[in-house]
2 protein chains.
Amino acid sequence: MTDPLLAGDPLLTVLREIVGHRHVLTDPGTRRAYEVDWTGRFQGQARAVVRPGSTDEVAAVLRACRAAGAPVVPQGGNTGLVGGGVPLHGEILLSLRRLDGLDDVDRAAGQVTVGAGATLAAVQAHAAAAGWAFGVDLGARDSATIGGMVATNAGGTRLLRYGPMRHQVLGLEAVLSDGRVLRRLSGLLKDNTGYDLAGLVTGSEGTLAVVTRVRLRLVAPRPRRAVAVLGLASVERAVEIATALRVDLDALEAVEAFFDDGLDLVVERLGLSPPLRCAHPVYLLVECAEPQAGPDPLDALVAALAPLGLGDDDVAAGLDPAGRARLWRLREGHTEAINALGGEIGAPHKLDVTLPAARLAEFTTRVREVVAAIAPDARTFLFGHLADGNVHVNVVGLAPEDERVDDAVLRLVVSLGGSISAEHGIGTAKARWLALDRSEAELATFAAIREALDPTGVLNPSVLVWA
Amino acid sequence: MTDPLLAGDPLLTVLREIVGHRHVLTDPGTRRAYEVDWTGRFQGQARAVVRPGSTDEVAAVLRACRAAGAPVVPQGGNTGLVGGGVPLHGEILLSLRRLDGLDDVDRAAGQVTVGAGATLAAVQAHAAAAGWAFGVDLGARDSATIGGMVATNAGGTRLLRYGPMRHQVLGLEAVLSDGRVLRRLSGLLKDNTGYDLAGLVTGSEGTLAVVTRVRLRLVAPRPRRAVAVLGLASVERAVEIATALRVDLDALEAVEAFFDDGLDLVVERLGLSPPLRCAHPVYLLVECAEPQAGPDPLDALVAALAPLGLGDDDVAAGLDPAGRARLWRLREGHTEAINALGGEIGAPHKLDVTLPAARLAEFTTRVREVVAAIAPDARTFLFGHLADGNVHVNVVGLAPEDERVDDAVLRLVVSLGGSISAEHGIGTAKARWLALDRSEAELATFAAIREALDPTGVLNPSVLVWA
């Protein structure tokens, strides 16, 4: 059913002409999936959901919205965590999911051009079928789209080896708010002909241009893998080991961390077995990977761990795919287990932050104290990508609108020289803290660039703003 | 001797107060080294050479120049090849070489903060002394500065593994033309808090901000190395081999190419021995590298070459440092040998371009035809970083001001889907061709960004402009 209030909206008439009637969604039930984020924390109402099927349609939609003074929120797979992709104030919701085309893999170059709406999992499978792999992986792979991952400069579990999403983007097609199209998809590895527009749009959270197609770098596949979980006495020790492995273990692909309380929750909620006979305060999950023709990654892992003085009871290794998946499940299951707990005592506040390596240990202690001082009954879970300094702070048992804990944690992060957003972005959720983390000169430069590219403020106007 | 014409220049009086008398150079003889590039092709006259000793002094110099309406050309090691760092129209030459400080290496993070004036060689040695390495290497390492390498997004011989300079920059301090300082030096690997200003300034050729300090990513050292030169029948075959090695040879660090005529010139001019018993049309130099604790890179190289059907006479291997250096000298000696020839018959026109892998072979044939049609007596040498698609086209025997060959070669590159600048930048030399390579929307976006960051046009006003 079309919402009768919107039936006479002249902008929607224009948009229907551009993308076709059935791709302008106004029925509240149909819109709902686009209007609320997957955590349920961020939601609003869209003037309409518009689903263009081509770059030209995206350009025409943006021109029409700009002419009508109608703000636009671009959305990919709607897996964001900072309220950057849902309409909060009656914006036009521009869904890019129909742009899910996959061009043939350029096997000689090790590259592929894909539509913004292609999911990460689709790109991974497409690359694999051509004998290549993609350098970014993350838990939401089945829903997260490449366009959204570009817009947020996604990180994930392999950043250590391959860098963030920005380092995979060899070319971009993106539409400016006035409908002009920036297009550079040739995928040249070396191309110093002006400013890095692809890199600038990457991570700009839909505020500078709408990504429509992406030329991606592929990497050599590394099918031979070994995973170990190490039980450790302290975060200091975990950081020390991560540093040693980064220098000595060339096959290193991931160093993830979690803690005893998080492990207990995962084991209980998901019905899993603990990885080691005895409990340890901190756990590292280490993954090594080698190409088909390479040496055995387990040999390298064992050799790298040997001088570290770990006991047999401190190490669990996953050798076959099932064993590796079992260990990864302990880490990746944190989100699910914490959300389940949140369903009972209040949705988790999720704060994604980075600390300098030298301050990680101090942070993991002090953040629990900071939360306890404000909310003694809340439960704090920490996990993350340790070698990157990236900690996901999840606090369960807070009222959704109570931001005192968020505020205190983010202030602690900044006081320790960290970043208030590691890989999720600022969105609308963290906008009020951006000025804590960034200088006046930086904020003014952000604003000047935004004004230069989107002078009328059509694109995601509530995102990446600060007071 | 101070130039008497400049003695009364009021701007210079202010600049002397900022940086001290002895760091404002007005004597023509002293200025000369800053006013001509190392190829001798680009030269002009500076109003003065100013050598600030701190970020604050850089900021004060820029404020003074902006107030006086005096354009500024920033300069690092003056090793650029596109006339982007020399004063052509009486600008203030801002030399950053005194900012050559090296902070202690952060061993846990594998990072270091250095001044813009530090040379690449100094950073390499500094990293090595702390058990780390730097991911970019290039021939001009003893003179090229980190600031200049950031400003031009330098590439070099290891881009295949570590990416361009932009991927090494984890943080930046840079001064805007109004003296405000952008500073983000914490070196966080994950930091999605606004636009990527560091990435934007990288490669902007001194037009957006003056780089003063840089936080660099370091990489695990790879001291165990093996080098081979392969003699091949065609460029098609070379591209095919480069692709196969990229997929199968994890230790791969460089794939460089040169041709029979270039090799003959190098062998003759530098008094070297040819690498193989018989001549071949094309040569690939392949380098593998492994960390100290890794496997023998020669084993991996031999295993990767085995299925390629090369004969014993087609491969020369460098096993020890002297043997490796001898093979590298054949490739790196091209610049010296060509410049020496140029000294006799006319300085080389150097065009640094990238082609898509699929068009490389066609380009190497057609570029020689294109040059011969315009300048039958000129000699064309090609060499470069084959796995990146980057070809250095050197044409010797042309008049310095005759740009017909440059024009024809760059048009050929664009017609084949390539880039008119791979790693040297646009500078002043290639400005007239930028609009060939970039769309109106891209050029307008460059201009808008530049206007946003340097509204009065103080910074490098002749660089990265187009008609």
# chains A, B, ... in the order shown; residues from 1 in each chain; ligands from 1
$ residues_around --residues "Tyr283 (chain A)" --least-positions-apart "6" --cutoff "12 Å" --atoms "only C-alpha atoms" --output "ChimeraX atom specification"
/A:228-239,241-242,255-264,274-276,314-316,327-328,330-331,382-386
$ select_by_dssp --residues "region 289-463 of chain B" --states "alpha helix (DSSP H)" --output "number ranges by chain"
B: 297-305, 321-345, 360-374, 404-415, 434-437, 440-453
$ closest_residue --among "A:Leu459, A:Met149, A:Met165, A:Leu453" --to "chain B" --atoms "only C-alpha atoms"
A:Leu453
$ atom_distance --atom1 "CA of Arg225 (chain B)" --atom2 "CA of Glu253 (chain B)"
9.5 Å
